[in-house]
$ cat final01.cif   # mmCIF, C-alpha atoms
data_run
loop_
_atom_site.group_PDB
_atom_site.id
_atom_site.type_symbol
_atom_site.label_atom_id
_atom_site.label_comp_id
_atom_site.auth_asym_id
_atom_site.auth_seq_id
_atom_site.Cartn_x
_atom_site.Cartn_y
_atom_site.Cartn_z
ATOM 1 C CA MET N 1 118.030 114.254 87.063
ATOM 2 C CA ARG N 2 114.969 116.359 86.267
ATOM 3 C CA LEU N 3 111.751 114.838 85.033
ATOM 4 C CA PRO N 4 110.873 115.374 81.360
ATOM 5 C CA PRO N 5 107.796 117.545 80.701
ATOM 6 C CA PHE N 6 104.378 115.849 80.728
ATOM 7 C CA GLU N 7 100.686 116.551 81.274
ATOM 8 C CA LEU N 8 99.442 115.580 84.739
ATOM 9 C CA HIS N 9 95.808 114.548 85.121
ATOM 10 C CA ALA N 10 94.066 113.922 88.457
ATOM 11 C CA PRO N 11 90.687 112.300 87.721
ATOM 12 C CA ARG N 12 88.061 112.141 90.468
ATOM 13 C CA SER N 13 86.425 108.899 89.369
ATOM 14 C CA LEU N 14 87.458 105.552 87.948
ATOM 15 C CA ASP N 15 85.458 106.212 84.780
ATOM 16 C CA ASP N 16 87.340 109.473 84.239
ATOM 17 C CA ALA N 17 90.669 107.685 84.768
ATOM 18 C CA LEU N 18 89.735 105.002 82.250
ATOM 19 C CA GLY N 19 88.622 107.670 79.807
ATOM 20 C CA LEU N 20 92.032 109.313 79.993
ATOM 21 C CA LEU N 21 93.742 105.953 79.481
ATOM 22 C CA GLY N 22 91.607 105.393 76.400
ATOM 23 C CA GLU N 23 92.688 108.593 74.692
ATOM 24 C CA THR N 24 94.665 108.030 71.516
ATOM 25 C CA GLY N 25 97.908 109.687 70.606
ATOM 26 C CA GLY N 26 101.011 109.773 72.740
ATOM 27 C CA ASP N 27 102.042 107.663 75.695
ATOM 28 C CA THR N 28 99.837 107.681 78.807
ATOM 29 C CA ARG N 29 101.056 106.225 82.111
ATOM 30 C CA VAL N 30 99.302 105.690 85.431
ATOM 31 C CA VAL N 31 100.912 106.758 88.714
ATOM 32 C CA SER N 32 99.835 105.581 92.152
ATOM 33 C CA GLY N 33 102.796 105.475 94.549
ATOM 34 C CA GLY N 34 105.271 106.664 91.928
ATOM 35 C CA THR N 35 108.216 104.673 93.280
ATOM 36 C CA ALA N 36 108.691 102.828 89.974
ATOM 37 C CA LEU N 37 107.432 105.271 87.327
ATOM 38 C CA LEU N 38 109.256 108.344 88.576
ATOM 39 C CA SER N 39 112.551 106.464 88.732
ATOM 40 C CA LEU N 40 112.101 105.313 85.140
ATOM 41 C CA MET N 41 111.264 108.850 84.029
ATOM 42 C CA ARG N 42 114.278 110.340 85.797
ATOM 43 C CA LEU N 43 116.512 107.795 84.055
ATOM 44 C CA GLY N 44 114.939 108.662 80.709
ATOM 45 C CA LEU N 45 113.727 105.110 80.165
ATOM 46 C CA VAL N 46 110.141 106.240 79.660
ATOM 47 C CA ARG N 47 108.905 109.656 78.490
ATOM 48 C CA PRO N 48 105.123 109.709 78.836
ATOM 49 C CA ASP N 49 103.098 112.514 77.274
ATOM 50 C CA ARG N 50 100.421 112.167 79.961
ATOM 51 C CA VAL N 51 100.500 110.880 83.541
ATOM 52 C CA VAL N 52 97.214 109.919 85.188
ATOM 53 C CA SER N 53 97.291 110.072 88.995
ATOM 54 C CA LEU N 54 94.949 107.718 90.873
ATOM 55 C CA HIS N 55 95.208 109.568 94.197
ATOM 56 C CA GLY N 56 91.828 111.268 93.784
ATOM 57 C CA VAL N 57 89.920 108.178 92.645
ATOM 58 C CA PRO N 58 87.631 106.978 95.458
ATOM 59 C CA GLY N 59 87.381 103.325 96.473
ATOM 60 C CA LEU N 60 90.890 102.243 95.505
ATOM 61 C CA ASP N 61 92.270 102.431 99.048
ATOM 62 C CA GLU N 62 89.989 99.753 100.515
ATOM 63 C CA LEU N 63 91.555 97.134 102.777
ATOM 64 C CA ARG N 64 88.930 94.810 104.175
ATOM 65 C CA ALA N 65 88.678 91.244 105.468
ATOM 66 C CA GLN N 66 85.212 89.751 105.122
ATOM 67 C CA THR N 67 83.702 86.274 104.679
ATOM 68 C CA GLY N 68 87.100 84.642 104.557
ATOM 69 C CA GLU N 69 88.462 86.896 101.809
ATOM 70 C CA LEU N 70 90.837 89.840 101.868
ATOM 71 C CA THR N 71 90.012 92.746 99.558
ATOM 72 C CA VAL N 72 92.972 94.996 98.781
ATOM 73 C CA GLY N 73 92.530 98.156 96.715
ATOM 74 C CA ALA N 74 95.160 99.204 94.215
ATOM 75 C CA MET N 75 96.061 102.305 96.245
ATOM 76 C CA VAL N 76 96.744 100.388 99.460
ATOM 77 C CA THR N 77 100.412 100.866 100.307
ATOM 78 C CA MET N 78 102.908 98.209 101.263
ATOM 79 C CA GLY N 79 103.167 99.835 104.671
ATOM 80 C CA GLN N 80 99.417 99.492 105.220
ATOM 81 C CA LEU N 81 99.502 95.874 104.103
ATOM 82 C CA GLU N 82 102.417 95.189 106.446
ATOM 83 C CA ARG N 83 100.786 96.808 109.480
ATOM 84 C CA ALA N 84 97.081 95.931 109.152
ATOM 85 C CA PRO N 85 96.071 93.726 112.124
ATOM 86 C CA GLU N 86 93.729 91.557 110.035
ATOM 87 C CA VAL N 87 96.459 90.896 107.473
ATOM 88 C CA ARG N 88 99.055 90.080 110.115
ATOM 89 C CA ARG N 89 96.599 87.711 111.814
ATOM 90 C CA ASP N 90 95.035 85.833 108.876
ATOM 91 C CA TRP N 91 97.410 86.497 105.951
ATOM 92 C CA PRO N 92 100.804 86.746 107.689
ATOM 93 C CA LEU N 93 102.657 85.758 104.521
ATOM 94 C CA LEU N 94 101.428 88.911 102.762
ATOM 95 C CA ALA N 95 102.328 91.123 105.716
ATOM 96 C CA GLN N 96 105.822 89.616 105.858
ATOM 97 C CA ALA N 97 106.469 90.054 102.125
ATOM 98 C CA ALA N 98 105.125 93.620 102.111
ATOM 99 C CA GLY N 99 107.378 94.395 105.070
ATOM 100 C CA ALA N 100 110.410 93.225 103.064
ATOM 101 C CA VAL N 101 109.976 95.922 100.412
ATOM 102 C CA ALA N 102 112.823 98.449 100.419
ATOM 103 C CA THR N 103 112.613 101.007 103.256
ATOM 104 C CA PRO N 104 109.789 102.284 105.501
ATOM 105 C CA SER N 105 109.503 105.497 103.489
ATOM 106 C CA ILE N 106 109.164 103.575 100.227
ATOM 107 C CA ARG N 107 106.707 101.100 101.773
ATOM 108 C CA ASN N 108 104.563 104.048 102.824
ATOM 109 C CA ALA N 109 104.418 105.252 99.208
ATOM 110 C CA ALA N 110 104.590 102.098 97.059
ATOM 111 C CA THR N 111 101.145 100.700 96.258
ATOM 112 C CA VAL N 112 99.784 97.245 95.552
ATOM 113 C CA GLY N 113 98.467 98.304 92.143
ATOM 114 C CA GLY N 114 101.724 99.914 91.114
ATOM 115 C CA ASN N 115 103.728 96.890 92.200
ATOM 116 C CA LEU N 116 101.530 94.550 90.175
ATOM 117 C CA GLY N 117 101.292 96.778 87.118
ATOM 118 C CA TYR N 118 105.064 97.311 87.008
ATOM 119 C CA ALA N 119 105.543 93.497 87.019
ATOM 120 C CA GLU N 120 109.049 93.571 88.481
ATOM 121 C CA PRO N 121 110.424 89.996 88.175
ATOM 122 C CA ALA N 122 112.123 90.366 91.564
ATOM 123 C CA SER N 123 109.113 91.791 93.385
ATOM 124 C CA ASP N 124 108.834 90.926 97.096
ATOM 125 C CA PRO N 125 105.012 90.672 97.253
ATOM 126 C CA ALA N 126 104.535 88.679 94.036
ATOM 127 C CA PRO N 127 105.843 85.289 95.279
ATOM 128 C CA ALA N 128 103.672 85.608 98.394
ATOM 129 C CA LEU N 129 100.617 86.495 96.317
ATOM 130 C CA LEU N 130 101.296 83.460 94.124
ATOM 131 C CA CYS N 131 101.357 81.241 97.223
ATOM 132 C CA ALA N 132 98.169 82.886 98.479
ATOM 133 C CA GLU N 133 96.519 82.179 95.085
ATOM 134 C CA ALA N 134 95.274 85.749 94.836
ATOM 135 C CA ASP N 135 93.081 87.113 92.069
ATOM 136 C CA VAL N 136 93.843 90.436 90.359
ATOM 137 C CA VAL N 137 90.859 92.679 89.611
ATOM 138 C CA VAL N 138 91.273 94.958 86.590
ATOM 139 C CA ALA N 139 89.007 97.554 85.001
ATOM 140 C CA GLY N 140 88.886 98.812 81.443
ATOM 141 C CA PRO N 141 86.626 99.927 78.602
ATOM 142 C CA ALA N 142 84.732 96.620 78.686
ATOM 143 C CA GLY N 143 84.163 96.710 82.452
ATOM 144 C CA ARG N 144 85.798 94.701 85.207
ATOM 145 C CA ARG N 145 87.374 91.279 85.009
ATOM 146 C CA THR N 146 89.276 89.038 87.384
ATOM 147 C CA LEU N 147 92.487 87.177 86.605
ATOM 148 C CA ALA N 148 94.259 84.522 88.631
ATOM 149 C CA ILE N 149 97.622 85.986 89.543
ATOM 150 C CA THR N 150 99.329 83.055 87.797
ATOM 151 C CA ASP N 151 97.769 84.364 84.552
ATOM 152 C CA PHE N 152 98.472 88.036 85.252
ATOM 153 C CA PHE N 153 102.255 88.014 84.780
ATOM 154 C CA THR N 154 102.963 87.197 81.136
ATOM 155 C CA GLY N 155 106.625 88.078 80.569
ATOM 156 C CA PHE N 156 109.555 90.311 81.436
ATOM 157 C CA TYR N 157 107.911 93.446 82.905
ATOM 158 C CA ALA N 158 104.734 92.414 81.061
ATOM 159 C CA THR N 159 101.205 91.678 82.253
ATOM 160 C CA ALA N 160 97.870 90.541 80.859
ATOM 161 C CA LEU N 161 96.487 94.089 81.067
ATOM 162 C CA ALA N 162 94.800 95.028 77.799
ATOM 163 C CA ALA N 163 94.923 98.503 76.275
ATOM 164 C CA GLY N 164 93.084 100.968 78.475
ATOM 165 C CA GLU N 165 92.992 98.674 81.525
ATOM 166 C CA LEU N 166 94.425 99.213 84.985
ATOM 167 C CA VAL N 167 94.669 97.226 88.213
ATOM 168 C CA VAL N 168 91.977 98.193 90.722
ATOM 169 C CA GLY N 169 92.711 95.628 93.419
ATOM 170 C CA LEU N 170 93.221 92.125 94.715
ATOM 171 C CA ARG N 171 91.029 89.437 96.202
ATOM 172 C CA VAL N 172 92.902 86.987 98.412
ATOM 173 C CA PRO N 173 91.209 83.861 99.803
ATOM 174 C CA ARG N 174 91.831 82.824 103.374
ATOM 175 C CA LEU N 175 94.936 80.680 103.754
ATOM 176 C CA PRO N 176 94.307 76.973 104.429
ATOM 177 C CA ALA N 177 93.632 75.978 108.032
ATOM 178 C CA GLY N 178 96.834 75.056 109.843
ATOM 179 C CA ALA N 179 99.056 76.525 107.127
ATOM 180 C CA ARG N 180 102.602 77.591 107.941
ATOM 181 C CA SER N 181 104.048 80.212 105.641
ATOM 182 C CA GLY N 182 107.080 82.415 105.252
ATOM 183 C CA TYR N 183 109.009 84.668 102.909
ATOM 184 C CA VAL N 184 112.759 85.063 102.665
ATOM 185 C CA LYS N 185 114.560 87.679 100.625
ATOM 186 C CA TYR N 186 118.204 87.275 99.664
ATOM 187 C CA CYS N 187 120.098 90.366 98.516
ATOM 188 C CA SER N 188 123.649 90.364 97.252
ATOM 189 C CA ARG N 189 123.987 94.041 98.140
ATOM 190 C CA SER N 190 121.812 96.014 100.579
ATOM 191 C CA ASP N 191 118.781 94.566 102.370
ATOM 192 C CA GLU N 192 116.891 97.600 101.066
ATOM 193 C CA ASP N 193 117.476 96.542 97.461
ATOM 194 C CA LYS N 194 115.161 94.337 95.457
ATOM 195 C CA PRO N 195 115.891 90.648 96.072
ATOM 196 C CA LEU N 196 118.413 88.757 94.036
ATOM 197 C CA VAL N 197 116.085 85.858 94.844
ATOM 198 C CA GLY N 198 112.856 85.907 96.851
ATOM 199 C CA VAL N 199 111.198 82.700 98.064
ATOM 200 C CA ALA N 200 107.718 82.387 99.544
ATOM 201 C CA ALA N 201 106.353 79.073 100.734
ATOM 202 C CA LEU N 202 103.224 77.703 102.353
ATOM 203 C CA VAL N 203 102.876 74.200 103.765
ATOM 204 C CA VAL N 204 99.905 72.453 105.331
ATOM 205 C CA PRO N 205 100.901 69.597 107.668
ATOM 206 C CA GLY N 206 98.878 66.404 107.329
ATOM 207 C CA GLY N 207 97.377 64.052 109.854
ATOM 208 C CA SER N 208 100.475 61.875 110.202
ATOM 209 C CA PRO N 209 103.884 63.111 111.404
ATOM 210 C CA GLY N 210 105.994 64.635 108.632
ATOM 211 C CA ARG N 211 103.265 64.416 106.003
ATOM 212 C CA LEU N 212 102.284 67.484 103.961
ATOM 213 C CA ASP N 213 98.775 67.798 102.592
ATOM 214 C CA GLU N 214 99.644 70.898 100.555
ATOM 215 C CA VAL N 215 102.765 72.728 99.417
ATOM 216 C CA ARG N 216 103.030 76.040 97.553
ATOM 217 C CA ILE N 217 106.303 77.698 96.543
ATOM 218 C CA GLY N 218 106.606 81.107 94.873
ATOM 219 C CA LEU N 219 109.831 82.478 93.428
ATOM 220 C CA GLY N 220 110.929 86.013 92.578
ATOM 221 C CA GLY N 221 114.078 86.856 90.629
ATOM 222 C CA ALA N 222 114.196 83.296 89.306
ATOM 223 C CA ALA N 223 112.596 83.848 85.885
ATOM 224 C CA PRO N 224 111.400 86.712 83.661
ATOM 225 C CA THR N 225 108.313 86.802 85.915
ATOM 226 C CA ALA N 226 107.520 85.722 89.459
ATOM 227 C CA VAL N 227 106.552 82.040 89.237
ATOM 228 C CA ARG N 228 105.208 79.060 91.162
ATOM 229 C CA ALA N 229 107.702 76.197 91.467
ATOM 230 C CA ARG N 230 105.173 73.541 90.482
ATOM 231 C CA GLY N 231 107.686 70.742 90.029
ATOM 232 C CA ALA N 232 109.178 71.294 93.475
ATOM 233 C CA GLU N 233 105.701 71.391 95.001
ATOM 234 C CA ALA N 234 104.838 68.061 93.389
ATOM 235 C CA ARG N 235 107.919 66.470 94.967
ATOM 236 C CA LEU N 236 106.511 67.069 98.449
ATOM 237 C CA HIS N 237 102.733 67.073 98.098
ATOM 238 C CA GLY N 238 101.110 64.237 100.044
ATOM 239 C CA ARG N 239 104.455 62.819 101.145
ATOM 240 C CA VAL N 240 106.081 62.182 104.464
ATOM 241 C CA VAL N 241 108.876 64.740 104.209
ATOM 242 C CA ASP N 242 112.431 64.304 105.451
ATOM 243 C CA ASP N 243 115.635 66.199 104.753
ATOM 244 C CA ALA N 244 116.315 64.187 101.595
ATOM 245 C CA ALA N 245 112.876 65.063 100.219
ATOM 246 C CA ILE N 246 113.403 68.749 100.978
ATOM 247 C CA ARG N 247 116.749 68.722 99.197
ATOM 248 C CA GLU N 248 115.113 66.983 96.238
ATOM 249 C CA ALA N 249 112.426 69.670 96.092
ATOM 250 C CA ALA N 250 115.030 72.453 96.302
ATOM 251 C CA GLU N 251 117.010 70.846 93.494
ATOM 252 C CA THR N 252 113.864 70.632 91.389
ATOM 253 C CA ALA N 253 113.047 74.306 92.037
ATOM 254 C CA ALA N 254 116.543 75.285 90.910
ATOM 255 C CA SER N 255 116.313 73.196 87.762
ATOM 256 C CA GLU N 256 112.866 74.448 86.719
ATOM 257 C CA CYS N 257 113.560 78.168 87.164
ATOM 258 C CA GLU N 258 114.842 80.321 84.289
ATOM 259 C CA PRO N 259 116.794 83.196 85.872
ATOM 260 C CA LEU N 260 118.342 86.075 83.989
ATOM 261 C CA SER N 261 121.817 87.524 84.505
ATOM 262 C CA ASP N 262 122.297 91.175 85.481
ATOM 263 C CA LEU N 263 124.615 93.353 87.554
ATOM 264 C CA MET N 264 123.282 91.838 90.793
ATOM 265 C CA GLY N 265 124.206 88.278 89.862
ATOM 266 C CA SER N 266 124.500 85.693 87.123
ATOM 267 C CA ALA N 267 121.798 83.225 86.160
ATOM 268 C CA ASP N 268 123.862 80.366 87.613
ATOM 269 C CA TYR N 269 124.273 82.202 90.929
ATOM 270 C CA ARG N 270 120.549 82.921 91.108
ATOM 271 C CA ARG N 271 119.793 79.258 90.436
ATOM 272 C CA GLU N 272 122.099 78.238 93.269
ATOM 273 C CA MET N 273 120.434 80.746 95.604
ATOM 274 C CA VAL N 274 117.027 79.309 94.708
ATOM 275 C CA ARG N 275 118.350 75.883 95.710
ATOM 276 C CA VAL N 276 119.717 77.207 99.013
ATOM 277 C CA TRP N 277 116.765 79.339 100.104
ATOM 278 C CA VAL N 278 114.016 76.946 99.066
ATOM 279 C CA ARG N 279 115.715 74.269 101.174
ATOM 280 C CA ARG N 280 116.207 76.549 104.173
ATOM 281 C CA LEU N 281 112.699 77.997 104.110
ATOM 282 C CA LEU N 282 110.976 74.635 103.678
ATOM 283 C CA SER N 283 113.058 73.131 106.475
ATOM 284 C CA SER N 284 112.090 75.920 108.855
ATOM 285 C CA LEU N 285 108.378 75.712 108.009
ATOM 286 C CA ILE N 286 108.205 71.942 108.298
ATOM 287 C CA ASP N 287 109.960 71.796 111.655
ATOM 288 C CA GLY N 288 108.023 74.807 112.928
ATOM 289 C CA SER N 289 111.034 77.032 113.595
ATOM 290 C CA SER N 290 111.327 80.698 112.664
ATOM 291 C CA ALA N 291 111.997 81.735 109.079
ATOM 292 C CA PRO N 292 115.695 81.604 108.130
ATOM 293 C CA SER N 293 117.690 84.804 108.088
ATOM 294 C CA SER N 294 119.072 85.958 104.750
ATOM 295 C CA ARG N 295 122.283 87.099 106.469
#

$ encode --input "final01.cif" --output "structure tokens"
Amino acid sequence: MRLPPFELHAPRSLDDALGLLGETGGDTRVVSGGTALLSLMRLGLVRPDRVVSLHGVPGLDELRAQTGELTVGAMVTMGQLERAPEVRRDWPLLAQAAGAVATPSIRNAATVGGNLGYAEPASDPAPALLCAEADVVVAGPAGRRTLAITDFFTGFYATALAAGELVVGLRVPRLPAGARSGYVKYCSRSDEDKPLVGVAALVVPGGSPGRLDEVRIGLGGAAPTAVRARGAEARLHGRVVDDAAIREAAETAASECEPLSDLMGSADYRREMVRVWVRRLLSSLIDGSSAPSSR
């Protein structure tokens, strides 16, 4: 299907890009990787009057680890995030989740900013970013501001971006010392599809055998937005964990999520898959084995 007609703008500075976003009249959309927007346009779901490309805006492709923090520009691709040695070494959960996105060709085009701005409920990176407690940096007419990622996703394909704002990057703190983390993606169709359910988890073993000093669980495809499973986390935090406790946490995660039904699967099926994959992933992280396979 052909794209509908639109004006294409290629600003050479962030200020110019924001100026274009602030213009009144008509619908203006931002394109970075284009993997989401172009598909929507081809399907006729959106018909923007203007498209603002960020490819010529300097400074948005930064990927840097410094002073215990990872800085990720909005134009960094999933492929770059997956392959970067510093990410694989110190933020392996992010590298693993980025590497689960679709196909290599899509990962080499899809960007961090586009993924966040699109706010896909079944995003692969979002649950991992929730577990990493990342901050989203946005810019707009009033300047820059930083939002905790838990406050960034506000609803079904909706974010806290105000009119005229766009995502310019992420700041990710170093993961806790001794943390074990993993991401598992379950697809009911092809592995290249978005997940029916995606589960990210991070656990920090305590000083005594079986005890967890910290637990974080992020879910994709389990609610209108990617979410933290706070109730399930509370079931395990500070406890000596056995199989019964893990099953209790998985049951809690399933009960607190609010999945939607679509062609990929019903809400009840998604809830059951949350129960299954939270249990399997937590079990593997706690006993130190490799992440469970989704097949």

$ atom_distance --input "final01.cif" --atom1 "atom CA of N:Arg180" --atom2 "atom CA of N:Arg216"
10.5 Å

$ closest_residue --input "final01.cif" --among "N:Thr159, N:Thr150, N:Ser123, N:Ser293" --to "N:Met78" --atoms "only C-alpha atoms"
N:Ser123

$ atom_distance --input "final01.cif" --atom1 "atom CA of N:Thr103" --atom2 "atom CA of N:Leu196"
16.4 Å

$ residues_around --input "final01.cif" --residues "N:Gly231" --least-positions-apart "5" --cutoff "9 Å" --atoms "all atoms listed in the file" --output "PDB file with C-alpha atoms, in the frame of the given file"
ATOM      1  CA  ALA N 249     112.426  69.670  96.092  1.00  0.00           C
ATOM      2  CA  THR N 252     113.864  70.632  91.389  1.00  0.00           C
ATOM      3  CA  ALA N 253     113.047  74.306  92.037  1.00  0.00           C
ATOM      4  CA  GLU N 256     112.866  74.448  86.719  1.00  0.00           C
TER       5      GLU N 256
END

$ resolve_selection --input "final01.cif" --expression "the PyMOL selection byres ((chain N and resi 156) around 9)" --output "number ranges by chain"
N: 119-121, 153-155, 157-159, 223-225

$ closest_residue --input "final01.cif" --among "N:Pro4, N:Ala98, N:Val227, N:Arg88" --to "N:Ile149" --atoms "all atoms listed in the file"
N:Val227

$ closest_residue --input "final01.cif" --among "N:Arg280, N:Arg189, N:Arg228, N:Arg235" --to "N:Glu133" --atoms "all atoms listed in the file"
N:Arg228

$ resolve_selection --input "final01.cif" --expression "the PyMOL selection byres ((chain N and resi 15-30) around 12)" --output "PDB file with C-alpha atoms, in the frame of the given file"
ATOM      1  CA  PHE N   6     104.378 115.849  80.728  1.00  0.00           C
ATOM      2  CA  GLU N   7     100.686 116.551  81.274  1.00  0.00           C
ATOM      3  CA  LEU N   8      99.442 115.580  84.739  1.00  0.00           C
ATOM      4  CA  HIS N   9      95.808 114.548  85.121  1.00  0.00           C
ATOM      5  CA  ALA N  10      94.066 113.922  88.457  1.00  0.00           C
ATOM      6  CA  PRO N  11      90.687 112.300  87.721  1.00  0.00           C
ATOM      7  CA  ARG N  12      88.061 112.141  90.468  1.00  0.00           C
ATOM      8  CA  SER N  13      86.425 108.899  89.369  1.00  0.00           C
ATOM      9  CA  LEU N  14      87.458 105.552  87.948  1.00  0.00           C
ATOM     10  CA  VAL N  31     100.912 106.758  88.714  1.00  0.00           C
ATOM     11  CA  SER N  32      99.835 105.581  92.152  1.00  0.00           C
ATOM     12  CA  GLY N  33     102.796 105.475  94.549  1.00  0.00           C
ATOM     13  CA  GLY N  34     105.271 106.664  91.928  1.00  0.00           C
ATOM     14  CA  THR N  35     108.216 104.673  93.280  1.00  0.00           C
ATOM     15  CA  ALA N  36     108.691 102.828  89.974  1.00  0.00           C
ATOM     16  CA  LEU N  37     107.432 105.271  87.327  1.00  0.00           C
ATOM     17  CA  LEU N  38     109.256 108.344  88.576  1.00  0.00           C
ATOM     18  CA  LEU N  40     112.101 105.313  85.140  1.00  0.00           C
ATOM     19  CA  MET N  41     111.264 108.850  84.029  1.00  0.00           C
ATOM     20  CA  VAL N  46     110.141 106.240  79.660  1.00  0.00           C
ATOM     21  CA  ARG N  47     108.905 109.656  78.490  1.00  0.00           C
ATOM     22  CA  PRO N  48     105.123 109.709  78.836  1.00  0.00           C
ATOM     23  CA  ASP N  49     103.098 112.514  77.274  1.00  0.00           C
ATOM     24  CA  ARG N  50     100.421 112.167  79.961  1.00  0.00           C
ATOM     25  CA  VAL N  51     100.500 110.880  83.541  1.00  0.00           C
ATOM     26  CA  VAL N  52      97.214 109.919  85.188  1.00  0.00           C
ATOM     27  CA  SER N  53      97.291 110.072  88.995  1.00  0.00           C
ATOM     28  CA  LEU N  54      94.949 107.718  90.873  1.00  0.00           C
ATOM     29  CA  HIS N  55      95.208 109.568  94.197  1.00  0.00           C
ATOM     30  CA  GLY N  56      91.828 111.268  93.784  1.00  0.00           C
ATOM     31  CA  VAL N  57      89.920 108.178  92.645  1.00  0.00           C
ATOM     32  CA  PRO N  58      87.631 106.978  95.458  1.00  0.00           C
ATOM     33  CA  ALA N  74      95.160  99.204  94.215  1.00  0.00           C
ATOM     34  CA  MET N  75      96.061 102.305  96.245  1.00  0.00           C
ATOM     35  CA  GLY N 113      98.467  98.304  92.143  1.00  0.00           C
ATOM     36  CA  GLY N 114     101.724  99.914  91.114  1.00  0.00           C
ATOM     37  CA  ASN N 115     103.728  96.890  92.200  1.00  0.00           C
ATOM     38  CA  GLY N 117     101.292  96.778  87.118  1.00  0.00           C
ATOM     39  CA  TYR N 118     105.064  97.311  87.008  1.00  0.00           C
ATOM     40  CA  VAL N 138      91.273  94.958  86.590  1.00  0.00           C
ATOM     41  CA  ALA N 139      89.007  97.554  85.001  1.00  0.00           C
ATOM     42  CA  GLY N 140      88.886  98.812  81.443  1.00  0.00           C
ATOM     43  CA  PRO N 141      86.626  99.927  78.602  1.00  0.00           C
ATOM     44  CA  ALA N 142      84.732  96.620  78.686  1.00  0.00           C
ATOM     45  CA  GLY N 143      84.163  96.710  82.452  1.00  0.00           C
ATOM     46  CA  ARG N 144      85.798  94.701  85.207  1.00  0.00           C
ATOM     47  CA  ALA N 162      94.800  95.028  77.799  1.00  0.00           C
ATOM     48  CA  ALA N 163      94.923  98.503  76.275  1.00  0.00           C
ATOM     49  CA  GLY N 164      93.084 100.968  78.475  1.00  0.00           C
ATOM     50  CA  GLU N 165      92.992  98.674  81.525  1.00  0.00           C
ATOM     51  CA  LEU N 166      94.425  99.213  84.985  1.00  0.00           C
ATOM     52  CA  VAL N 167      94.669  97.226  88.213  1.00  0.00           C
ATOM     53  CA  VAL N 168      91.977  98.193  90.722  1.00  0.00           C
TER      54      VAL N 168
END

$ closest_atom_pairs --input "final01.cif" --of "stretch 170-239 of chain N" --to "stretch 273-277 of chain N" --cutoff "12 Å" --atoms "only C-alpha atoms" --output "Markdown table"
| residue | atom | partner | partner_atom | distance |
| --- | --- | --- | --- | --- |
| N:Gly182 | CA | N:Trp277 | CA | 11.4 |
| N:Tyr183 | CA | N:Trp277 | CA | 9.8 |
| N:Val184 | CA | N:Trp277 | CA | 7.4 |
| N:Lys185 | CA | N:Trp277 | CA | 8.6 |
| N:Tyr186 | CA | N:Met273 | CA | 8.0 |
| N:Cys187 | CA | N:Met273 | CA | 10.1 |
| N:Ser188 | CA | N:Met273 | CA | 10.3 |
| N:Pro195 | CA | N:Met273 | CA | 10.9 |
| N:Leu196 | CA | N:Met273 | CA | 8.4 |
| N:Val197 | CA | N:Val274 | CA | 6.6 |
| N:Gly198 | CA | N:Val274 | CA | 8.1 |
| N:Val199 | CA | N:Trp277 | CA | 6.8 |
| N:Ala200 | CA | N:Trp277 | CA | 9.6 |
| N:Ala201 | CA | N:Trp277 | CA | 10.4 |
| N:Ile217 | CA | N:Val274 | CA | 11.0 |
| N:Gly218 | CA | N:Val274 | CA | 10.6 |
| N:Leu219 | CA | N:Val274 | CA | 8.0 |
| N:Gly220 | CA | N:Val274 | CA | 9.3 |
| N:Gly221 | CA | N:Val274 | CA | 9.1 |
| N:Ala222 | CA | N:Val274 | CA | 7.3 |
| N:Ala223 | CA | N:Val274 | CA | 10.9 |
| N:Ala229 | CA | N:Val274 | CA | 10.4 |
| N:Ala232 | CA | N:Arg275 | CA | 10.5 |

$ resolve_selection --input "final01.cif" --expression "the PyMOL selection byres ((chain N and resi 91) around 9)" --output "NGL selection string"
:N and (70 or 86-90 or 92-96 or 132 or 172 or 174-175)

$ axis_aligned_box --input "final01.cif" --around "stretch 137-148 of chain N" --padding-each-side "4 Å" --output "AutoDock Vina command-line options"
--center_x 89.2 --center_y 92.2 --center_z 84.1 --size_x 18.1 --size_y 23.4 --size_z 19.0

$ atom_distance --input "final01.cif" --atom1 "atom CA of N:Pro125" --atom2 "atom CA of N:Arg247"
25.0 Å

$ closest_residue --input "final01.cif" --among "N:Val278, N:Leu129, N:Ala267, N:Cys257" --to "N:Ala245" --atoms "all atoms listed in the file"
N:Val278

$ closest_residue --input "final01.cif" --among "N:Ala128, N:Leu161, N:Ala254, N:Ala244" --to "N:Ala97" --atoms "all atoms listed in the file"
N:Ala128

$ closest_residue --input "final01.cif" --among "N:Asp135, N:Glu192, N:Glu251, N:Asp268" --to "N:Ala102" --atoms "only C-alpha atoms"
N:Glu192

$ residues_around --input "final01.cif" --residues "N:Leu285" --least-positions-apart "2" --cutoff "10 Å" --atoms "only C-alpha atoms" --output "list in words"
Ala179, Arg180, Ser181, Gly182, Ala201, Leu202, Val203, Val204, Pro205, Arg280, Leu281, Leu282, Ser283, Asp287, Gly288, Ser289, Ser290, Ala291 and Pro292 of chain N

$ residues_around --input "final01.cif" --residues "N:Gln80" --least-positions-apart "2" --cutoff "9 Å" --atoms "all atoms listed in the file" --output "PyMOL selection string"
chain N and resi 63+76-78+82-84+95+98+107-108

$ decode --input "final01.cif" --residues "stretch 215-227 of chain N" --atoms "C-alpha atoms" --output "compact mmCIF listing (two decimals), in the first residue's frame"
# COMPACT_ATOMS: atom_id res chain seq x y z
CA VAL N 215 13.27 -7.99 43.24
CA ARG N 216 12.03 -6.12 40.16
CA ILE N 217 9.58 -7.54 37.62
CA GLY N 218 8.49 -5.79 34.42
CA LEU N 219 5.68 -7.00 32.19
CA GLY N 220 4.83 -6.29 28.56
CA GLY N 221 1.57 -7.32 26.89
CA ALA N 222 -0.03 -7.73 30.31
CA ALA N 223 -1.86 -4.39 30.54
CA PRO N 224 -2.64 -1.33 28.38
CA THR N 225 0.95 -0.24 29.13
CA ALA N 226 4.15 -1.99 30.15
CA VAL N 227 4.04 -2.24 33.95
